[in-house]
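To keep things clear, I will list the structure first and then write my remarks on it.
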Amino acid sequence: MLDLQKTKLAVEQAYQQFSQIPGGANADYIPFLANIPGNLAAVAVVTTRGDVVSAGEAQYRFAIESISKVCTLALLLEDWGSEVVQEKIGAEATGMPFNSVMALDLHGGKPLSPLVNAGAIASTSLVKAHSVEERWQRILLMQRQMGSGQIALSAELNESEQSTNSHNRAIAWLLHSAGYMYCDPMEACDVYTRQCSTLLTTVELATMGATLASGGINPLTKERVLKPENTPRILAEMTMEGLYDSSGDWAYTVGLPGKSGVGGGILAVVPGVMGIAAFAPPLDKVGNSVRGQKMVAAVAKILGFNLYKGA
């Protein structure tokens with residue numbers, strides 16, 4: 001049984017120790033993100049029982065960015081099942097940066113992972129929908145069901161993203177030429193950019209993790225969001241590609257499925273127990289929050305959670 005008092009102490013200790021350490025820089029290639037105050041920080045835990053523990057500015061709304069890929073993958077698994085997703089998108093680490101074009105070229109145009117940009121754009125195109133708006137609304141609904149109904153699109157962030165996404169538009173056309181695009185390429189890129197442009201809190205991010213930890217039931221709303229057989233697939237993908245080029249190092253040192261976003265969010269999942277989330281805008285060289293990684297790793301270590309550790 002999880003000790004709630006120990007969890008509170010772990011969250012507070014992680015925040016006090018790592019929330020203001022130096023290092024990293026905001027993502028500057030998206031103007032909206034460049035202007036977020038770099039001193040912001042928060043860490044939160046949501047358990048499968050519905051307990052919520054947080055420290056810092058855990059109600060500050062920040063950009064979900066690449067963490068949205070987890071939600072779209074979840075929707076895709078619900079729509080099509082794991083075999084179709086593995087066949088059409090993939091379940092392998094690319095071994096290259098998250099926005100790599102070379103990774104596509106080396107693998108015949110197949111994106112390999114739904115958690116890199118190419119795979120995420122292909123995933124967006126595969127979501128069942130009859131129109132661009134239906135595609136977008138279904139993805140937004142999944143984010144809300146996994147996190148909270150307060151998650152919403154930021155028009156300012158979306159405009160900032162749409163005006164700087166030429167690289168992703170190129171990736172969408174490459175996917176189309178290789179046969180791995182399942183709707184109009186520019187429609188897919190537009191919706192993918194929107195899904196990255198929603199704002200959420202650190203508590204809502206931890207709730208997404210707790211939904212995965214509980215086998216698909218949101219512990220705060222008590223709603224079943226995902227089929228239980230789909231959550232292990234999501235956690236496996238997070239282990240392989242969740243923290244970009246640092247995914248292997250994260251698995252080696254922390255031992256939990258994780259996902260990061262260039263908005264400064266970090267998520268880790270302890271299956272059957274909790275979601276752990278953190279937020280701090282400055283990123284390391286591969287795009288992961290410097291302080292967020294430290295805070296999440298500290299909570300996991302203090303509480304003794306590592307999937308690869310013996311009983």
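For the structure tokens, the naming scheme is as follows: chains receive sequential letters (A, B, ...) according to their order of presentation, residues are indexed from 1 within each chain, and ligands are indexed from 1 in presentation order.
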Per-residue nearest contacts stretch 133-248 of chain A to stretch 300-309 of chain A, cut-off 12 Å, using only C-alpha atoms, as JSON lines:
```
{"residue": "A:Leu235", "atom": "CA", "partner": "A:Leu307", "partner_atom": "CA", "distance": 11.5}
{"residue": "A:Ala236", "atom": "CA", "partner": "A:Leu307", "partner_atom": "CA", "distance": 11.9}
{"residue": "A:Thr239", "atom": "CA", "partner": "A:Leu307", "partner_atom": "CA", "distance": 10.9}
```
For those residues, write N, CA, C and O atoms to a file as a PDB file, in the first residue's frame.
```pdb
ATOM      1  N   LEU A 235       2.948   2.224 -22.837  1.00  0.00           N
ATOM      2  CA  LEU A 235       4.098   2.308 -21.931  1.00  0.00           C
ATOM      3  C   LEU A 235       5.361   1.767 -22.588  1.00  0.00           C
ATOM      4  O   LEU A 235       6.463   2.282 -22.365  1.00  0.00           O
ATOM      5  N   ALA A 236       5.219   0.742 -23.432  1.00  0.00           N
ATOM      6  CA  ALA A 236       6.379   0.216 -24.152  1.00  0.00           C
ATOM      7  C   ALA A 236       6.937   1.262 -25.113  1.00  0.00           C
ATOM      8  O   ALA A 236       8.160   1.467 -25.202  1.00  0.00           O
ATOM      9  N   THR A 239       8.814   3.881 -23.237  1.00  0.00           N
ATOM     10  CA  THR A 239      10.130   3.413 -22.809  1.00  0.00           C
ATOM     11  C   THR A 239      11.147   3.550 -23.932  1.00  0.00           C
ATOM     12  O   THR A 239      12.290   3.959 -23.710  1.00  0.00           O
TER      13      THR A 239
END
```
Using only C-alpha atoms, determine which residues lie at most 10 Å from A:Gly179, disregarding the query and same-chain residues fewer than 4 positions distant; provide the list as a PyMOL selection string. chain A and resi 88+108-110+173-175
Could you take the residues named above and write them with N, CA, C and O atoms, as a CSV table (one decimal), in the first residue's frame?
```csv
chain,number,residue,atom,x,y,z
A,88,LYS,N,1.3,-0.1,-39.4
A,88,LYS,CA,1.3,1.1,-40.2
A,88,LYS,C,2.2,2.2,-39.6
A,88,LYS,O,2.6,3.1,-40.4
A,108,GLY,N,12.8,3.3,-45.5
A,108,GLY,CA,11.9,3.2,-46.6
A,108,GLY,C,10.6,4.0,-46.4
A,108,GLY,O,9.6,3.8,-46.9
A,109,GLY,N,10.8,5.1,-45.6
A,109,GLY,CA,9.7,6.0,-45.4
A,109,GLY,C,8.8,5.6,-44.2
A,109,GLY,O,7.9,6.4,-43.9
A,110,LYS,N,9.0,4.5,-43.6
A,110,LYS,CA,8.2,4.1,-42.4
A,110,LYS,C,8.7,4.9,-41.2
A,110,LYS,O,9.9,4.9,-40.9
A,173,TRP,N,4.8,15.4,-46.3
A,173,TRP,CA,4.9,15.0,-47.7
A,173,TRP,C,5.8,13.8,-48.0
A,173,TRP,O,5.5,13.0,-48.9
A,174,LEU,N,6.8,13.7,-47.3
A,174,LEU,CA,7.7,12.5,-47.4
A,174,LEU,C,6.9,11.2,-47.0
A,174,LEU,O,7.0,10.2,-47.7
A,175,LEU,N,6.2,11.3,-45.9
A,175,LEU,CA,5.3,10.2,-45.5
A,175,LEU,C,4.3,9.8,-46.6
A,175,LEU,O,4.1,8.7,-46.9
```
Closest of A:Ser214, A:Gln143, A:Asn168, A:Gln195 to A:Ser100 - atom-to-atom distances counting only C-alpha atoms: A:Asn168
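Shortest separation to A:Arg135 among A:Ala251, A:Val191, A:Ile67, A:Ala25 occurs at residue A:Val191, atoms counted being only C-alpha atoms.
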Rank A:Lys227, A:His130, A:Arg169, A:Lys294 by their smallest atom-to-atom distance to A:Ile21, using only C-alpha atoms, and report the top residue only.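 Looking only at the distances to A:Ile21, the closest residue turns out to be A:Lys294.
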Determine, counting only C-alpha atoms, which protein, DNA and RNA residues have an atom within 12 Å of an atom of A:Trp250; residues of the same chain fewer than 4 positions away are not included. Present the result as a compact mmCIF listing (two decimals) with N, CA and C atoms, in the first residue's frame.
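After the write, part05.txt holds the following:
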```txt
# COMPACT_ATOMS: atom_id res chain seq x y z
N MET A 238 6.61 4.47 -24.84
CA MET A 238 7.22 5.53 -24.03
C MET A 238 8.62 5.14 -23.58
N THR A 239 8.81 3.88 -23.24
CA THR A 239 10.13 3.41 -22.81
C THR A 239 11.15 3.55 -23.93
N MET A 240 10.73 3.24 -25.16
CA MET A 240 11.67 3.23 -26.29
C MET A 240 12.00 4.62 -26.82
N GLU A 241 11.01 5.53 -26.84
CA GLU A 241 11.22 6.82 -27.51
C GLU A 241 10.70 8.02 -26.72
N GLY A 242 10.31 7.83 -25.47
CA GLY A 242 9.63 8.88 -24.73
C GLY A 242 10.44 10.12 -24.44
N LEU A 243 11.75 9.95 -24.28
CA LEU A 243 12.60 11.11 -23.98
C LEU A 243 13.62 11.35 -25.09
N TYR A 244 13.15 11.17 -26.33
CA TYR A 244 13.99 11.45 -27.48
C TYR A 244 15.30 10.65 -27.42
N ASP A 245 16.42 11.32 -27.68
CA ASP A 245 17.71 10.63 -27.71
C ASP A 245 18.16 10.14 -26.33
N SER A 246 17.51 10.61 -25.27
CA SER A 246 17.88 10.20 -23.91
C SER A 246 17.01 9.06 -23.37
N VAL A 254 16.39 5.67 -14.40
CA VAL A 254 15.14 5.85 -13.66
C VAL A 254 14.29 4.58 -13.68
N GLY A 255 14.25 3.91 -14.82
CA GLY A 255 13.55 2.64 -14.89
C GLY A 255 12.04 2.72 -14.96
N LEU A 256 11.52 3.84 -15.51
CA LEU A 256 10.07 4.01 -15.66
C LEU A 256 9.76 4.51 -17.07
N PRO A 257 8.64 4.11 -17.66
CA PRO A 257 8.22 4.70 -18.93
C PRO A 257 8.04 6.20 -18.77
N GLY A 258 8.52 6.99 -19.72
CA GLY A 258 8.44 8.43 -19.59
C GLY A 258 8.11 9.10 -20.91
N LYS A 259 7.74 10.37 -20.83
CA LYS A 259 7.53 11.19 -22.03
C LYS A 259 7.80 12.63 -21.70
N SER A 260 8.48 13.29 -22.61
CA SER A 260 8.81 14.70 -22.43
C SER A 260 8.19 15.53 -23.55
N ILE A 266 7.49 16.85 -18.20
CA ILE A 266 8.05 15.49 -18.10
C ILE A 266 7.01 14.63 -17.40
N LEU A 267 6.77 13.44 -17.94
CA LEU A 267 5.82 12.50 -17.35
C LEU A 267 6.48 11.14 -17.19
N ALA A 268 6.24 10.49 -16.05
CA ALA A 268 6.65 9.11 -15.84
C ALA A 268 5.49 8.33 -15.25
N ASN A 288 14.71 17.83 -23.48
CA ASN A 288 14.06 17.41 -22.25
C ASN A 288 14.30 18.42 -21.13
N GLN A 293 13.34 16.55 -15.33
CA GLN A 293 13.90 15.20 -15.24
C GLN A 293 14.39 14.90 -13.83
N LYS A 294 15.08 15.88 -13.25
CA LYS A 294 15.63 15.68 -11.91
C LYS A 294 14.53 15.50 -10.88
N VAL A 296 11.31 14.47 -11.30
CA VAL A 296 10.59 13.20 -11.47
C VAL A 296 11.47 12.03 -11.02
N ALA A 297 12.73 12.04 -11.42
CA ALA A 297 13.64 10.97 -11.03
C ALA A 297 13.80 10.90 -9.52
N ALA A 300 10.70 9.24 -7.89
CA ALA A 300 10.74 7.80 -8.13
C ALA A 300 11.78 7.11 -7.24
N ASN A 306 11.14 1.50 -9.60
CA ASN A 306 11.94 1.21 -10.77
C ASN A 306 11.47 -0.15 -11.29
```
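Between A:Leu115 and the candidates A:Val52, A:Leu73, A:Ala155, A:Ala280, the tightest atom-to-atom separation, counting only C-alpha atoms, involves A:Leu73.
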Find the residue from A:Val286, A:Leu126, A:Ala10, A:Val85 that sits nearest to A:Ala188; use only C-alpha atoms when measuring. A:Leu126
Run DSSP on the backbone and tell me which residues of stretch 123-196 of chain A come out as alpha helix (DSSP H); list them as an MDAnalysis selection string. chainID A and resid 123:126 132:146 155:162 166:178 185:195
Could the residues in this selection be written to a file with C-alpha atoms, as a PDB file, in the first residue's frame?
```pdb
ATOM      1  CA  SER A 123      -0.689   8.679 -36.378  1.00  0.00           C
ATOM      2  CA  THR A 124      -2.777  11.829 -36.618  1.00  0.00           C
ATOM      3  CA  SER A 125      -3.600  10.962 -40.226  1.00  0.00           C
ATOM      4  CA  LEU A 126      -4.760   7.473 -39.188  1.00  0.00           C
ATOM      5  CA  VAL A 132     -10.388  17.812 -40.316  1.00  0.00           C
ATOM      6  CA  GLU A 133     -12.507  19.189 -37.479  1.00  0.00           C
ATOM      7  CA  GLU A 134     -13.700  15.759 -36.377  1.00  0.00           C
ATOM      8  CA  ARG A 135     -10.100  14.518 -36.381  1.00  0.00           C
ATOM      9  CA  TRP A 136      -9.050  17.445 -34.188  1.00  0.00           C
ATOM     10  CA  GLN A 137     -11.991  17.192 -31.797  1.00  0.00           C
ATOM     11  CA  ARG A 138     -11.448  13.461 -31.235  1.00  0.00           C
ATOM     12  CA  ILE A 139      -7.789  14.050 -30.360  1.00  0.00           C
ATOM     13  CA  LEU A 140      -8.663  16.929 -28.037  1.00  0.00           C
ATOM     14  CA  LEU A 141     -11.315  14.783 -26.345  1.00  0.00           C
ATOM     15  CA  MET A 142      -8.752  12.058 -25.649  1.00  0.00           C
ATOM     16  CA  GLN A 143      -6.413  14.600 -24.030  1.00  0.00           C
ATOM     17  CA  ARG A 144      -9.295  15.774 -21.855  1.00  0.00           C
ATOM     18  CA  GLN A 145     -10.438  12.274 -20.931  1.00  0.00           C
ATOM     19  CA  MET A 146      -6.924  11.293 -19.889  1.00  0.00           C
ATOM     20  CA  ALA A 155      -4.761  30.167 -30.153  1.00  0.00           C
ATOM     21  CA  GLU A 156      -1.549  32.118 -29.542  1.00  0.00           C
ATOM     22  CA  LEU A 157       0.583  28.996 -29.233  1.00  0.00           C
ATOM     23  CA  ASN A 158      -1.068  27.360 -32.244  1.00  0.00           C
ATOM     24  CA  GLU A 159      -0.380  30.425 -34.394  1.00  0.00           C
ATOM     25  CA  SER A 160       3.229  30.415 -33.203  1.00  0.00           C
ATOM     26  CA  GLU A 161       3.550  26.706 -34.044  1.00  0.00           C
ATOM     27  CA  GLN A 162       1.755  26.859 -37.399  1.00  0.00           C
ATOM     28  CA  SER A 166       7.718  23.984 -42.342  1.00  0.00           C
ATOM     29  CA  HIS A 167       9.971  21.062 -41.353  1.00  0.00           C
ATOM     30  CA  ASN A 168       6.959  19.039 -40.217  1.00  0.00           C
ATOM     31  CA  ARG A 169       5.118  19.894 -43.434  1.00  0.00           C
ATOM     32  CA  ALA A 170       8.069  18.474 -45.355  1.00  0.00           C
ATOM     33  CA  ILE A 171       7.947  15.311 -43.233  1.00  0.00           C
ATOM     34  CA  ALA A 172       4.229  14.944 -43.987  1.00  0.00           C
ATOM     35  CA  TRP A 173       4.876  15.043 -47.747  1.00  0.00           C
ATOM     36  CA  LEU A 174       7.694  12.488 -47.409  1.00  0.00           C
ATOM     37  CA  LEU A 175       5.331  10.182 -45.523  1.00  0.00           C
ATOM     38  CA  HIS A 176       2.744  10.670 -48.251  1.00  0.00           C
ATOM     39  CA  SER A 177       5.232   9.790 -50.995  1.00  0.00           C
ATOM     40  CA  ALA A 178       6.213   6.588 -49.158  1.00  0.00           C
ATOM     41  CA  PRO A 185      -0.767  15.500 -45.661  1.00  0.00           C
ATOM     42  CA  MET A 186      -1.419  19.153 -44.857  1.00  0.00           C
ATOM     43  CA  GLU A 187      -4.588  18.270 -42.936  1.00  0.00           C
ATOM     44  CA  ALA A 188      -2.564  15.836 -40.832  1.00  0.00           C
ATOM     45  CA  CYS A 189       0.163  18.416 -40.220  1.00  0.00           C
ATOM     46  CA  ASP A 190      -2.379  21.071 -39.257  1.00  0.00           C
ATOM     47  CA  VAL A 191      -4.130  18.811 -36.742  1.00  0.00           C
ATOM     48  CA  TYR A 192      -0.818  17.513 -35.386  1.00  0.00           C
ATOM     49  CA  THR A 193       0.291  21.099 -34.789  1.00  0.00           C
ATOM     50  CA  ARG A 194      -2.975  21.828 -32.987  1.00  0.00           C
ATOM     51  CA  GLN A 195      -2.629  18.788 -30.743  1.00  0.00           C
TER      52      GLN A 195
END
```
Residues within 7 Å of A:Leu200, only C-alpha atoms, excluding chain neighbours under 6 positions, as a list in words: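 Using only C-alpha atoms, the neighbours found are Arg61, Phe62, Ala63, Ile64 and Ile151 of chain A.
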Using only N, CA, C and O atoms, please write the residues we just selected to a file, as an mmCIF file, in the first residue's frame.
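This is the output file out.cif:
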```cif
data_model
loop_
_atom_site.group_PDB
_atom_site.id
_atom_site.type_symbol
_atom_site.label_atom_id
_atom_site.label_comp_id
_atom_site.auth_asym_id
_atom_site.auth_seq_id
_atom_site.Cartn_x
_atom_site.Cartn_y
_atom_site.Cartn_z
ATOM 1 N N ARG A 61 -0.504 26.703 -16.482
ATOM 2 C CA ARG A 61 -0.789 26.004 -17.741
ATOM 3 C C ARG A 61 0.368 26.214 -18.731
ATOM 4 O O ARG A 61 0.728 27.337 -19.041
ATOM 5 N N PHE A 62 0.907 25.097 -19.215
ATOM 6 C CA PHE A 62 2.031 25.131 -20.134
ATOM 7 C C PHE A 62 1.714 24.277 -21.367
ATOM 8 O O PHE A 62 0.727 23.529 -21.401
ATOM 9 N N ALA A 63 2.554 24.360 -22.371
ATOM 10 C CA ALA A 63 2.315 23.686 -23.647
ATOM 11 C C ALA A 63 2.585 22.197 -23.547
ATOM 12 O O ALA A 63 3.661 21.777 -23.114
ATOM 13 N N ILE A 64 1.627 21.398 -23.975
ATOM 14 C CA ILE A 64 1.776 19.943 -23.928
ATOM 15 C C ILE A 64 2.836 19.455 -24.903
ATOM 16 O O ILE A 64 3.569 18.517 -24.621
ATOM 17 N N ILE A 151 -8.320 21.090 -20.322
ATOM 18 C CA ILE A 151 -7.275 21.166 -21.339
ATOM 19 C C ILE A 151 -7.871 21.768 -22.609
ATOM 20 O O ILE A 151 -8.924 21.342 -23.075
#
```
Report the residues of stretch 243-282 of chain A whose backbone DSSP state falls under strand (DSSP E), written as a VMD selection string. chain A and resid 258 to 260 265 to 270 274 to 279
Atom pair atom CA of A:Val269 / atom CA of A:Ala213: separation (Å):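 Computing it gives 6.0 Å between the two atoms.
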Within 8 Å of A:Thr211, counting only C-alpha atoms, which residues show up once you throw out same-chain ones fewer than 4 positions away? Write them as a short mmCIF file (atom, residue, chain, number, x, y, z; two decimals) with N, CA and C atoms, in the first residue's frame, please.
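Final output, out_10.cif:
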```cif
data_model
loop_
_atom_site.label_atom_id
_atom_site.label_comp_id
_atom_site.auth_asym_id
_atom_site.auth_seq_id
_atom_site.Cartn_x
_atom_site.Cartn_y
_atom_site.Cartn_z
N THR A 48 -3.31 6.02 -8.52
CA THR A 48 -4.43 5.29 -9.10
C THR A 48 -5.64 5.29 -8.17
N MET A 146 -8.08 11.79 -20.62
CA MET A 146 -6.92 11.29 -19.89
C MET A 146 -6.46 12.26 -18.82
N GLY A 147 -6.64 13.58 -19.06
CA GLY A 147 -6.15 14.59 -18.12
C GLY A 147 -7.27 15.29 -17.39
N THR A 207 -2.18 13.30 -14.01
CA THR A 207 -3.43 12.54 -14.14
C THR A 207 -3.41 11.68 -15.40
N GLY A 215 -4.42 1.26 -15.91
CA GLY A 215 -4.93 0.41 -16.97
C GLY A 215 -6.01 1.05 -17.80
N GLY A 216 -6.05 2.39 -17.81
CA GLY A 216 -6.97 3.09 -18.69
C GLY A 216 -8.13 3.78 -18.01
N ILE A 217 -8.18 3.76 -16.68
CA ILE A 217 -9.24 4.44 -15.93
C ILE A 217 -8.68 5.73 -15.34
N ASN A 218 -9.31 6.86 -15.66
CA ASN A 218 -8.91 8.13 -15.05
C ASN A 218 -9.29 8.09 -13.57
N PRO A 219 -8.32 8.15 -12.66
CA PRO A 219 -8.63 7.96 -11.24
C PRO A 219 -9.38 9.13 -10.60
N VAL A 225 -11.20 5.20 -19.92
CA VAL A 225 -10.82 5.93 -21.12
C VAL A 225 -10.26 4.98 -22.17
N GLY A 275 1.05 8.31 -11.59
CA GLY A 275 1.74 9.11 -12.58
C GLY A 275 2.54 10.18 -11.85
#
```
Report, in Å to a single decimal, how far apart atom CA of A:Leu2 and atom CA of A:Cys71 are.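 Value for the atom CA of A:Cys71-atom CA of A:Leu2 distance: 26.6 Å.
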